[in-house]
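Raw entry.csv, CSV, C-alpha atoms:
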chain,number,residue,atom,x,y,z
E,77,MET,CA,-58.0,-11.2,-42.2
E,78,ASN,CA,-58.9,-11.2,-38.5
E,79,VAL,CA,-55.8,-9.1,-37.6
E,80,ILE,CA,-57.0,-6.4,-40.1
E,81,LYS,CA,-60.5,-6.4,-38.6
E,82,PHE,CA,-59.1,-6.1,-35.1
E,83,GLU,CA,-56.9,-3.2,-36.1
E,84,LEU,CA,-59.7,-1.4,-37.9
E,85,LEU,CA,-61.9,-1.8,-34.8
E,86,LYS,CA,-59.2,-0.5,-32.5
E,87,LEU,CA,-58.5,2.5,-34.6
E,88,ARG,CA,-62.1,3.2,-35.2
E,89,SER,CA,-62.7,3.4,-31.5
E,90,LYS,CA,-59.6,5.4,-30.9
E,91,SER,CA,-60.1,8.1,-33.5
E,92,ARG,CA,-57.5,10.5,-32.1
E,93,GLY,CA,-54.9,8.0,-33.3
E,94,TRP,CA,-55.6,8.6,-37.0
E,95,LEU,CA,-57.7,11.8,-37.0
E,96,GLY,CA,-55.1,13.8,-35.1
E,97,PRO,CA,-52.3,13.4,-37.7
E,98,ILE,CA,-54.7,14.2,-40.6
E,99,LEU,CA,-55.8,17.4,-38.8
E,100,VAL,CA,-52.2,18.3,-38.1
E,101,PHE,CA,-51.4,17.8,-41.8
E,102,ILE,CA,-54.3,20.0,-42.9
E,103,LEU,CA,-53.3,22.7,-40.4
E,104,ILE,CA,-49.7,22.7,-41.7
E,105,MET,CA,-50.9,22.9,-45.3
E,106,VAL,CA,-53.4,25.7,-44.5
E,107,ALA,CA,-50.9,27.6,-42.4
E,108,PHE,CA,-48.1,27.5,-45.0
E,109,PRO,CA,-49.6,30.1,-47.5
E,110,LEU,CA,-50.9,32.2,-44.6
E,111,THR,CA,-47.6,32.5,-42.9
E,112,VAL,CA,-45.5,33.6,-45.9
E,113,GLU,CA,-46.0,36.7,-47.8
E,114,ILE,CA,-44.7,35.9,-51.2
E,115,SER,CA,-46.1,35.9,-54.7
E,116,ASN,CA,-48.1,33.0,-56.1
E,117,LYS,CA,-45.2,31.9,-58.3
E,118,ASP,CA,-42.9,31.6,-55.3
E,119,LEU,CA,-45.6,29.7,-53.4
E,120,ASP,CA,-45.6,27.2,-56.3
E,121,GLN,CA,-41.9,26.5,-55.9
E,122,SER,CA,-41.9,26.1,-52.2
E,123,PHE,CA,-45.1,24.1,-52.0
E,124,PHE,CA,-43.6,20.7,-52.6
E,125,ALA,CA,-40.9,21.2,-50.0
E,126,VAL,CA,-43.5,22.0,-47.4
E,127,LEU,CA,-45.7,19.1,-48.6
E,128,TRP,CA,-42.9,16.4,-48.3
E,129,ILE,CA,-41.8,17.8,-44.9
E,130,ALA,CA,-45.4,17.9,-43.6
E,131,ILE,CA,-46.0,14.3,-44.7
E,132,LEU,CA,-42.7,13.3,-43.1
E,133,LEU,CA,-43.6,14.9,-39.8
E,134,VAL,CA,-47.2,13.7,-39.7
E,135,MET,CA,-46.2,10.1,-40.5
E,136,MET,CA,-43.6,10.4,-37.7
E,137,LEU,CA,-46.4,11.6,-35.4
E,138,SER,CA,-48.9,9.0,-36.5
E,139,THR,CA,-46.7,6.0,-35.8
E,140,GLU,CA,-45.9,7.2,-32.3
E,141,ASP,CA,-47.9,4.5,-30.5
E,142,ILE,CA,-48.2,1.9,-33.3
E,143,PHE,CA,-46.7,-0.8,-31.1
E,144,LEU,CA,-46.6,0.9,-27.7
E,145,GLU,CA,-50.2,0.3,-26.6
E,146,ASP,CA,-50.0,-3.4,-27.6
E,147,PHE,CA,-46.7,-3.7,-25.8
E,148,ASN,CA,-48.0,-2.1,-22.6
E,149,ASP,CA,-51.3,-4.1,-22.4
E,150,GLY,CA,-49.7,-7.5,-23.3
E,151,SER,CA,-51.3,-7.9,-26.7
E,152,LEU,CA,-47.8,-8.2,-28.3
E,153,GLU,CA,-47.0,-11.1,-26.1
E,154,GLN,CA,-50.2,-12.8,-27.3
E,155,PHE,CA,-49.3,-12.0,-30.9
E,156,ALA,CA,-45.8,-13.4,-30.4
E,157,ILE,CA,-47.1,-16.8,-29.2
E,158,SER,CA,-50.1,-17.0,-31.6
E,159,ASN,CA,-50.2,-19.2,-34.7
E,160,ILE,CA,-50.2,-16.2,-37.0
E,161,SER,CA,-46.6,-15.1,-37.8
E,162,LEU,CA,-45.5,-11.9,-36.1
E,163,PRO,CA,-44.2,-10.3,-39.3
E,164,TYR,CA,-47.6,-10.7,-40.9
E,165,ILE,CA,-49.3,-9.1,-37.9
E,166,ILE,CA,-46.9,-6.2,-38.0
E,167,ALA,CA,-47.3,-5.8,-41.8
E,168,ALA,CA,-51.1,-5.8,-41.3
E,169,LYS,CA,-50.8,-3.1,-38.6
E,170,ILE,CA,-48.7,-0.9,-40.8
E,171,PHE,CA,-51.0,-1.4,-43.7
E,172,ILE,CA,-54.1,-0.4,-41.6
E,173,TYR,CA,-52.2,2.7,-40.4
E,174,TRP,CA,-51.4,3.6,-43.9
E,175,LEU,CA,-55.0,3.0,-45.1
E,176,LEU,CA,-56.4,5.3,-42.3
E,177,ILE,CA,-53.7,8.0,-42.3
E,178,GLY,CA,-51.5,7.7,-45.3
E,179,VAL,CA,-54.2,7.4,-47.9
E,180,PRO,CA,-56.3,10.4,-46.7
E,181,ILE,CA,-53.2,12.5,-46.3
E,182,SER,CA,-52.2,11.6,-49.9
E,183,ILE,CA,-55.6,12.6,-51.2
E,184,ILE,CA,-55.7,15.8,-49.2
E,185,GLY,CA,-52.1,16.6,-50.3
E,186,SER,CA,-53.1,16.1,-53.9
E,187,LEU,CA,-56.1,18.4,-53.4
E,188,PHE,CA,-53.8,21.1,-51.8
E,189,CYS,CA,-51.6,20.7,-54.8
E,190,LEU,CA,-54.5,21.4,-57.1
E,191,GLY,CA,-55.5,24.4,-55.0
E,192,LEU,CA,-52.1,26.0,-54.8
E,193,THR,CA,-50.6,25.2,-58.3
E,194,ASN,CA,-53.9,25.3,-60.3
E,195,SER,CA,-52.6,22.3,-62.2
E,196,ALA,CA,-54.9,19.3,-62.4
E,197,ASN,CA,-52.2,17.3,-64.3
E,198,LEU,CA,-49.7,17.9,-61.5
E,199,ALA,CA,-52.3,17.0,-58.8
E,200,ILE,CA,-53.2,13.7,-60.5
E,201,ASN,CA,-49.5,12.8,-61.2
E,202,ILE,CA,-48.5,13.5,-57.6
E,203,LEU,CA,-51.2,11.3,-56.0
E,204,PRO,CA,-49.5,7.9,-56.7
E,205,ILE,CA,-46.2,9.4,-55.6
E,206,LEU,CA,-47.8,10.6,-52.3
E,207,LEU,CA,-49.4,7.2,-51.7
E,208,ILE,CA,-46.1,5.3,-52.3
E,209,THR,CA,-44.1,7.8,-50.2
E,210,SER,CA,-46.5,7.8,-47.2
E,211,TYR,CA,-46.3,4.0,-47.2
E,212,ILE,CA,-42.5,4.1,-47.2
E,213,PHE,CA,-42.5,6.7,-44.4
E,214,ILE,CA,-44.9,4.8,-42.2
E,215,ASN,CA,-42.8,1.6,-42.6
E,216,VAL,CA,-39.5,3.3,-41.7
E,217,PHE,CA,-41.0,5.2,-38.7
E,218,SER,CA,-42.7,2.0,-37.4
E,219,PHE,CA,-39.2,0.5,-37.4
E,220,GLY,CA,-37.9,3.5,-35.5
E,221,ASN,CA,-40.7,3.2,-33.0
E,222,ALA,CA,-40.1,-0.5,-32.5
E,223,LEU,CA,-36.4,0.4,-31.7
E,224,SER,CA,-37.4,2.6,-28.8
E,225,LEU,CA,-40.5,0.6,-27.7
E,226,ASN,CA,-39.8,0.3,-24.0
E,227,LYS,CA,-37.9,3.5,-23.7
E,228,GLY,CA,-40.9,5.8,-24.3
E,229,SER,CA,-38.9,8.3,-26.3
E,230,ALA,CA,-38.8,9.5,-29.9
E,231,LEU,CA,-35.1,8.6,-30.1
E,232,GLY,CA,-35.7,5.6,-32.3
E,233,THR,CA,-37.8,7.6,-34.8
E,234,LEU,CA,-35.2,10.3,-34.9
E,235,VAL,CA,-32.5,7.8,-35.6
E,236,THR,CA,-34.4,6.5,-38.6
E,237,LEU,CA,-35.0,10.1,-40.0
E,238,PRO,CA,-31.6,10.3,-41.9
E,239,LEU,CA,-32.6,7.0,-43.7
E,240,LEU,CA,-35.3,9.0,-45.5
E,241,LEU,CA,-33.1,11.9,-46.6
E,242,PRO,CA,-32.1,10.2,-49.9
E,243,LEU,CA,-35.8,9.6,-50.5
E,244,MET,CA,-36.5,13.3,-50.1
E,245,ILE,CA,-33.9,14.0,-52.8
E,246,VAL,CA,-35.7,11.5,-55.2
E,247,LEU,CA,-39.0,13.2,-54.4
E,248,GLY,CA,-37.6,16.6,-55.3
E,249,LYS,CA,-36.2,15.3,-58.6
E,250,THR,CA,-39.6,13.7,-59.3
E,251,VAL,CA,-41.5,16.9,-58.9
E,252,ILE,CA,-39.0,18.8,-61.1
E,253,SER,CA,-39.5,16.1,-63.8
E,254,ILE,CA,-43.3,16.5,-63.6
E,255,ASN,CA,-43.0,20.3,-63.7
E,256,LEU,CA,-40.8,20.1,-66.8
E,257,ASN,CA,-43.0,17.5,-68.5
E,258,LEU,CA,-40.1,15.1,-68.5
E,259,ASN,CA,-40.6,11.3,-68.1
E,260,TYR,CA,-40.8,10.8,-64.3
E,261,LEU,CA,-41.8,7.1,-64.5
E,262,GLY,CA,-38.3,6.1,-63.7
E,263,PHE,CA,-38.5,7.9,-60.3
E,264,VAL,CA,-41.9,6.2,-59.7
E,265,ALA,CA,-40.3,2.8,-60.5
E,266,LEU,CA,-37.5,3.6,-58.1
E,267,LEU,CA,-40.0,4.5,-55.3
E,268,LEU,CA,-41.9,1.3,-56.0
E,269,GLY,CA,-38.7,-0.7,-55.8
E,270,ILE,CA,-37.9,0.9,-52.4
E,271,LEU,CA,-41.4,0.3,-51.2
E,272,SER,CA,-41.4,-3.4,-52.3
E,273,THR,CA,-38.1,-4.0,-50.5
E,274,ILE,CA,-39.3,-2.1,-47.4
E,275,ILE,CA,-42.6,-3.8,-47.0
E,276,LEU,CA,-40.9,-7.2,-47.1
E,277,LEU,CA,-38.0,-6.4,-44.9
E,278,ILE,CA,-39.3,-4.0,-42.3
E,279,PRO,CA,-42.0,-6.3,-40.7
E,280,LEU,CA,-39.4,-9.0,-40.5
E,281,ILE,CA,-36.9,-6.7,-38.8
E,282,ILE,CA,-39.5,-5.2,-36.5
E,283,SER,CA,-40.6,-8.7,-35.4
E,284,TYR,CA,-37.1,-9.5,-34.2
E,285,ILE,CA,-36.9,-6.2,-32.4
E,286,ILE,CA,-40.2,-6.8,-30.7
E,287,ARG,CA,-39.2,-10.3,-29.6
E,288,ALA,CA,-36.1,-8.8,-28.1
E,289,HIS,CA,-38.2,-6.3,-26.2
E,290,LEU,CA,-40.5,-9.0,-24.9
E,291,GLU,CA,-37.6,-11.0,-23.5
O,184,MET,CA,-50.1,-40.0,-21.2
O,185,HIS,CA,-48.0,-38.0,-23.6
O,186,LEU,CA,-45.0,-35.9,-22.8
O,187,LYS,CA,-45.8,-32.3,-23.5
O,188,VAL,CA,-42.9,-30.3,-22.0
O,189,LYS,CA,-39.6,-31.6,-20.9
O,190,ALA,CA,-37.1,-29.2,-19.3
O,191,LYS,CA,-33.6,-30.3,-18.4
O,192,ASN,CA,-31.2,-28.2,-16.4
O,193,LEU,CA,-32.7,-24.9,-17.3
O,194,SER,CA,-30.7,-22.0,-16.0
O,195,TYR,CA,-31.4,-18.3,-16.4
O,196,LYS,CA,-29.5,-15.2,-15.4
O,197,ILE,CA,-30.3,-11.6,-15.8
O,198,ASN,CA,-27.5,-8.9,-15.6
O,199,GLU,CA,-25.1,-11.6,-14.4
O,200,LYS,CA,-27.5,-12.4,-11.5
O,201,LYS,CA,-28.6,-16.0,-11.4
O,202,LEU,CA,-32.4,-16.2,-11.3
O,203,PHE,CA,-32.6,-20.0,-11.2
O,204,GLN,CA,-30.4,-22.9,-11.9
O,205,ASN,CA,-30.7,-26.5,-13.2
O,206,ILE,CA,-34.5,-26.7,-13.3
O,207,SER,CA,-35.7,-30.0,-14.6
O,208,PHE,CA,-39.2,-31.3,-15.0
O,209,GLU,CA,-41.5,-33.2,-17.2
O,210,LEU,CA,-45.1,-32.3,-17.9
O,211,PHE,CA,-47.4,-34.9,-19.3
O,212,SER,CA,-50.9,-34.5,-20.8
O,213,GLY,CA,-53.5,-34.4,-18.1
O,214,LYS,CA,-51.0,-33.2,-15.5
O,215,ALA,CA,-50.4,-29.8,-13.8
O,216,ILE,CA,-47.4,-28.2,-12.2
O,217,HIS,CA,-47.7,-25.5,-9.6
O,218,ILE,CA,-44.6,-23.2,-9.8
O,219,LYS,CA,-43.9,-21.7,-6.4
O,220,GLY,CA,-41.2,-19.3,-5.2
O,221,ASP,CA,-40.5,-15.9,-3.6
O,222,ASN,CA,-40.9,-12.6,-5.5
O,223,GLY,CA,-38.2,-12.4,-8.1
O,224,SER,CA,-37.4,-16.1,-8.1
O,225,GLY,CA,-38.2,-16.3,-11.8
O,226,LYS,CA,-41.7,-17.8,-11.9
O,227,THR,CA,-42.9,-15.4,-14.7
O,228,THR,CA,-39.6,-15.8,-16.6
O,229,LEU,CA,-39.9,-19.6,-16.5
O,230,LEU,CA,-43.4,-19.4,-17.9
O,231,LYS,CA,-42.1,-17.0,-20.6
O,232,ILE,CA,-39.3,-19.4,-21.5
O,233,ILE,CA,-41.8,-22.2,-21.9
O,234,CYS,CA,-44.1,-20.2,-24.2
O,235,GLY,CA,-41.1,-19.1,-26.2
O,236,LEU,CA,-41.1,-15.4,-25.3
O,237,THR,CA,-37.7,-15.7,-23.6
O,238,ASN,CA,-34.9,-17.6,-25.4
O,239,GLN,CA,-31.7,-16.6,-23.7
O,240,VAL,CA,-31.7,-19.6,-21.5
O,241,LYS,CA,-29.2,-22.4,-20.8
O,242,GLY,CA,-30.4,-26.0,-20.8
O,243,GLU,CA,-32.7,-28.1,-22.9
O,244,LEU,CA,-36.4,-27.4,-23.4
O,245,GLU,CA,-38.5,-29.8,-25.5
O,246,LYS,CA,-42.1,-29.1,-26.4
O,247,LYS,CA,-44.4,-31.6,-28.1
O,248,LEU,CA,-47.5,-29.6,-28.8
O,249,ASP,CA,-50.1,-30.0,-31.5
O,250,LYS,CA,-51.9,-26.7,-30.9
O,251,ARG,CA,-50.9,-23.2,-29.7
O,252,ILE,CA,-50.1,-22.4,-26.1
O,253,CYS,CA,-52.7,-20.5,-24.1
O,254,PHE,CA,-50.9,-18.0,-21.9
O,255,LEU,CA,-52.3,-15.6,-19.4
O,256,GLY,CA,-49.6,-13.3,-17.9
O,257,HIS,CA,-49.7,-10.3,-15.6
O,258,LYS,CA,-50.9,-8.2,-18.6
O,259,ASN,CA,-54.5,-8.9,-19.6
O,260,ALA,CA,-54.1,-7.9,-23.3
O,261,LEU,CA,-57.4,-6.0,-23.2
O,262,LYS,CA,-58.2,-2.6,-24.6
O,263,GLN,CA,-59.5,-0.1,-22.0
O,264,TYR,CA,-61.2,2.1,-24.6
O,265,LEU,CA,-63.2,-0.8,-26.1
O,266,THR,CA,-66.5,-2.2,-24.8
O,267,VAL,CA,-66.5,-5.7,-23.3
O,268,GLU,CA,-68.2,-7.0,-26.5
O,269,GLU,CA,-65.5,-5.4,-28.7
O,270,ASN,CA,-62.8,-6.9,-26.5
O,271,LEU,CA,-64.3,-10.3,-26.9
O,272,PHE,CA,-64.3,-9.7,-30.6
O,273,VAL,CA,-60.6,-8.7,-30.5
O,274,LEU,CA,-59.9,-11.9,-28.4
O,275,ASP,CA,-61.6,-13.8,-31.2
O,276,ILE,CA,-64.0,-15.6,-28.8
O,277,ILE,CA,-67.2,-13.6,-29.5
O,278,ASN,CA,-68.8,-16.5,-31.4
O,279,HIS,CA,-67.7,-19.3,-29.0
O,280,PRO,CA,-70.8,-21.4,-28.1
O,281,ASP,CA,-69.7,-21.6,-24.4
O,282,LEU,CA,-69.1,-17.8,-24.0
O,283,ASN,CA,-72.5,-17.0,-22.6
O,284,LYS,CA,-72.3,-19.7,-19.9
O,285,HIS,CA,-69.1,-18.2,-18.5
O,286,LEU,CA,-70.3,-14.6,-18.8
O,287,ILE,CA,-73.4,-15.6,-16.8
O,288,GLU,CA,-71.2,-17.3,-14.2
O,289,PHE,CA,-69.0,-14.2,-14.0
O,290,GLY,CA,-72.1,-11.9,-13.8
O,291,LEU,CA,-70.9,-10.0,-16.9
O,292,ASN,CA,-73.6,-11.0,-19.4
O,293,LYS,CA,-75.4,-7.7,-19.0
O,294,SER,CA,-72.2,-5.6,-19.2
O,295,LEU,CA,-71.3,-6.3,-22.8
O,296,ASP,CA,-71.8,-2.7,-24.0
O,297,ILE,CA,-69.9,-1.2,-21.1
O,298,ASN,CA,-66.4,0.2,-21.7
O,299,LEU,CA,-63.7,-1.9,-20.1
O,300,SER,CA,-62.3,1.0,-18.2
O,301,SER,CA,-65.6,1.2,-16.3
O,302,LEU,CA,-65.1,-2.3,-14.9
O,303,SER,CA,-63.2,-3.1,-11.7
O,304,PHE,CA,-59.8,-4.9,-11.9
O,305,GLY,CA,-61.4,-8.2,-10.8
O,306,GLN,CA,-64.0,-7.9,-13.6
O,307,GLN,CA,-61.3,-7.1,-16.1
O,308,LYS,CA,-59.4,-10.2,-15.0
O,309,LYS,CA,-62.5,-12.3,-15.5
O,310,ILE,CA,-62.7,-11.0,-19.1
O,311,ALA,CA,-59.1,-11.9,-19.6
O,312,LEU,CA,-59.7,-15.4,-18.1
O,313,LEU,CA,-62.3,-16.0,-20.8
O,314,ARG,CA,-59.3,-16.6,-23.1
O,315,VAL,CA,-58.4,-19.5,-20.9
O,316,PHE,CA,-61.9,-20.8,-20.4
O,317,LEU,CA,-62.5,-20.8,-24.2
O,318,ASN,CA,-59.1,-21.9,-25.2
O,319,ASP,CA,-58.3,-24.4,-27.9
O,320,SER,CA,-54.8,-25.5,-26.8
O,321,ASP,CA,-53.2,-28.4,-25.2
O,322,LEU,CA,-50.9,-26.4,-22.8
O,323,ILE,CA,-52.2,-23.7,-20.5
O,324,LEU,CA,-49.8,-21.4,-18.8
O,325,LEU,CA,-51.1,-19.1,-16.1
O,326,ASP,CA,-49.1,-16.5,-14.2
O,327,GLU,CA,-50.8,-15.7,-10.9
O,328,PRO,CA,-54.3,-16.3,-12.3
O,329,CYS,CA,-56.1,-15.6,-9.0
O,330,VAL,CA,-54.9,-12.0,-8.4
O,331,GLY,CA,-57.9,-9.8,-8.1
O,332,LEU,CA,-60.4,-12.7,-8.2
O,333,ASP,CA,-63.1,-13.3,-5.5
O,334,ASN,CA,-63.4,-16.7,-3.8
O,335,LYS,CA,-66.3,-17.8,-6.0
O,336,THR,CA,-64.4,-17.1,-9.2
O,337,GLN,CA,-61.2,-18.8,-7.8
O,338,LYS,CA,-63.2,-22.0,-7.1
O,339,TYR,CA,-64.8,-21.8,-10.5
O,340,LEU,CA,-61.4,-21.4,-12.1
O,341,CYS,CA,-60.0,-24.4,-10.1
O,342,LYS,CA,-63.0,-26.6,-11.1
O,343,PHE,CA,-62.5,-25.6,-14.7
O,344,LEU,CA,-58.8,-26.4,-14.7
O,345,ASN,CA,-59.4,-29.8,-13.0
O,346,ASP,CA,-61.9,-30.5,-15.8
O,347,GLU,CA,-59.3,-29.5,-18.4
O,348,LEU,CA,-56.8,-31.9,-16.8
O,349,LYS,CA,-59.4,-34.7,-17.2
O,350,LEU,CA,-59.6,-33.8,-20.9
O,351,GLY,CA,-55.9,-34.4,-21.2
O,352,LYS,CA,-54.7,-30.8,-21.2
O,353,SER,CA,-51.5,-29.8,-19.4
O,354,ILE,CA,-51.3,-26.9,-17.1
O,355,LEU,CA,-48.4,-24.9,-15.6
O,356,PHE,CA,-49.3,-22.1,-13.2
O,357,SER,CA,-47.6,-19.9,-10.7
O,358,SER,CA,-49.4,-18.8,-7.6
O,359,HIS,CA,-48.5,-17.6,-4.2
O,360,ILE,CA,-51.7,-19.1,-2.7
O,361,SER,CA,-52.5,-22.8,-2.7
O,362,LEU,CA,-55.1,-23.7,-5.3
O,363,ASP,CA,-57.3,-26.7,-5.3
O,364,ILE,CA,-55.8,-28.1,-8.5
O,365,ASN,CA,-54.3,-31.6,-8.7
O,366,SER,CA,-50.7,-30.6,-9.3
O,367,GLU,CA,-47.1,-31.3,-8.6
O,368,LYS,CA,-45.0,-28.5,-6.9
O,369,LEU,CA,-41.9,-26.9,-8.4
O,370,ASN,CA,-40.3,-24.5,-5.9
O,371,LEU,CA,-38.0,-22.0,-7.6
O,372,SER,CA,-36.7,-20.6,-4.3
O,373,ASP,CA,-34.7,-23.9,-3.9
O,374,LYS,CA,-33.1,-23.6,-7.3
O,375,ILE,CA,-31.1,-20.4,-6.9
Rewritten as structure tokens:
Amino acid sequence: MNVIKFELLKLRSKSRGWLGPILVFILIMVAFPLTVEISNKDLDQSFFAVLWIAILLVMMLSTEDIFLEDFNDGSLEQFAISNISLPYIIAAKIFIYWLLIGVPISIIGSLFCLGLTNSANLAINILPILLITSYIFINVFSFGNALSLNKGSALGTLVTLPLLLPLMIVLGKTVISINLNLNYLGFVALLLGILSTIILLIPLIISYIIRAHLE
Amino acid sequence: MHLKVKAKNLSYKINEKKLFQNISFELFSGKAIHIKGDNGSGKTTLLKIICGLTNQVKGELEKKLDKRICFLGHKNALKQYLTVEENLFVLDIINHPDLNKHLIEFGLNKSLDINLSSLSFGQQKKIALLRVFLNDSDLILLDEPCVGLDNKTQKYLCKFLNDELKLGKSILFSSHISLDINSEKLNLSDKI
């Protein structure tokens, strides 16, 4: 529990780390209908594509220094030799980032969905999908950031980007199912399956990568 | 006296360049070893090997520890954007009964609400040292602990470490300057 308290304190004091990505997300979502001159119906169709891409980019942005600061100031060294297991600390860090960035973005995304599609049913159904998706994105991008930890470049994150393309296809199919009033729970179950695998594996893999960087 | 760390023929090379070769030593409880050597001789690497951060090493290393290792390296593991008090909270020593005593000794008891970035390097080092002063471990590893410290604090640190030795703790430290700590010497410059 201490790790979670420490992370919350750090992010509370460093508000640009979580407020910045949320503001960027709002800006993208506000700018989207303003920058295209198409009918309301067309706006509906392209909304979800913009929503998924916006979340993808914002999650990429938000995890930029998830480990970098701790690596530079020596905190990761202390974590690595502490009694608490490193994968647990990493999982806690990712969870806090999701809580402070992923959850607000999911709620805001759902509200934008309500505003642009005028469908409360769609907005409510899309919320759990947004929550699951943002958690998957944040995990995968954290892995990417760990890869390029001491390089100071976004290369690691870009390398992990193709891993998320199949997920984008699933997300597209899920929205189509919701729009056509088809049973979309299978897609949600698939997303949950991906998430449960990822939250177990990614912290473990990241801990090995970080230990390699600390050598 | 209990054996805490036993190293036998430790060798380490980086990019095919040998850093040190065949280092052997035994560290018992209540004893200290002063690691000496020129710049780049592998003092920091040896400390990292002992605390488990570096594993690509030849030789045998045996550790018999009941508690976690207390390690203070070149990096302080402090957050510049947090206040001193918040940093103490992050270090998980904010509620330690002896904290105030050391803060008064360091002259930092009235600086708790100041941002760490406003403090000098030496003062920041003192905050980092609190991790050592309030440690709950049986092996203390210090990498150049006196860098940035004034004479008064250096003497206070030496007195504290000598007291820790009397309590049966084991200490390994690297330093370019001689410190008034009862210790054996291990010179890495002879081991290349």
Which chain O residues are at most 6 Å from chain E (counting all atoms listed in the file), as a PDB file with C-alpha atoms, keeping the file's coordinate frame?
ATOM      1  CA  LEU O 236     -41.100 -15.400 -25.300  1.00  0.00           C
ATOM      2  CA  THR O 237     -37.700 -15.700 -23.600  1.00  0.00           C
ATOM      3  CA  LYS O 258     -50.900  -8.200 -18.600  1.00  0.00           C
ATOM      4  CA  ALA O 260     -54.100  -7.900 -23.300  1.00  0.00           C
ATOM      5  CA  VAL O 273     -60.600  -8.700 -30.500  1.00  0.00           C
TER       6      VAL O 273
END
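You can rank E:Thr139, E:Asn259, E:Ser195, E:Asn201 by their closest distance to Phe217 (chain E) using all atoms listed in the file, and at the top of that list sits E:Thr139.
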Contact residues around His285 (chain O) with only C-alpha atoms at 8 Å, ignoring same-chain residues under 4 positions, as a VMD selection string:
chain O and resid 281 289 313 316
Would you export the selected residues with C-alpha atoms as a compact mmCIF listing (two decimals), in the coordinates of the input, please?
# COMPACT_ATOMS: atom_id res chain seq x y z
CA ASP O 281 -69.70 -21.60 -24.40
CA PHE O 289 -69.00 -14.20 -14.00
CA LEU O 313 -62.30 -16.00 -20.80
CA PHE O 316 -61.90 -20.80 -20.40
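With distances restricted to all atoms listed in the file, E:Leu267 is the closest residue to Ile245 (chain E) from E:Leu267, E:Ile274, E:Ile177, E:Ile200.
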Measuring atom to atom with only C-alpha atoms, identify which of O:Ile287, O:Asn365, O:Ser294, O:Lys247 is nearest to Glu268 (chain O).
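The closest residue to Glu268 (chain O) is O:Ser294.
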Distance query Phe343 (chain O) at most 12 Å, all atoms listed in the file, self and fewer than 3 positions along chain excluded, as a PyMOL selection string:
chain O and resi 285+312-313+315-318+323+336-340+346-350+352+354+363-365
Return the single residue from O:Leu261, O:Leu332, O:Leu286, O:Leu322 that is closest to Asn298 (chain O), with distances computed using all atoms listed in the file.
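Smallest separation from Asn298 (chain O) among the options: O:Leu261.
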Fewer than 4 positions away in the same chain doesn't count, so skip those; otherwise give me all residues within 9 Å of Leu237 (chain E), counting only C-alpha atoms, as JSON, numbers by chain.
{"E": [132, 136, 216, 217, 220, 232, 233, 241]}
For Gly178 (chain E), list every protein, DNA or RNA residue within 9 Å, evaluated using all atoms listed in the file, and leave out those in the same chain fewer than 3 positions away; present the list as a PyMOL selection string.
chain E and resi 98+131+135+173-175+181-183+206-207+209-211+214
Pick out the residues sitting within 9 Å of region 249-254 of chain E, and hand them over as a PyMOL selection string; count only C-alpha atoms, and ignore anything fewer than 6 positions along from it in its own chain.
chain E and resi 124+197-198+201-202+205+260-264
In Å, how far is it from CA of Leu186 (chain O) to CA of Phe211 (chain O)?
4.4 Å
Could you check how far CA of Lys342 (chain O) sits from CA of Ile216 (chain O), in Å to one decimal?
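CA of Ile216 (chain O) lies 15.7 Å from CA of Lys342 (chain O).
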Give me, please, the distance in Å between CA of Thr193 (chain E) and CA of Ile102 (chain E), quoted to one decimal.
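Computed distance, CA of Thr193 (chain E) to CA of Ile102 (chain E), equals 16.7 Å.
With distances taken over all atoms listed in the file, E:Cys189 is the one residue among E:Asn215, E:Pro180, E:Cys189, E:Ala265 lying closest to Ser122 (chain E).
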(-45.6, -7.3, -37.8) in this file's frame - what residues fall within 12 Å of it? Use all atoms listed in the file and give the answer as a ChimeraX atom specification.
/E:79-80,142-143,146,152,155-156,160-172,215,218-219,222,275-287
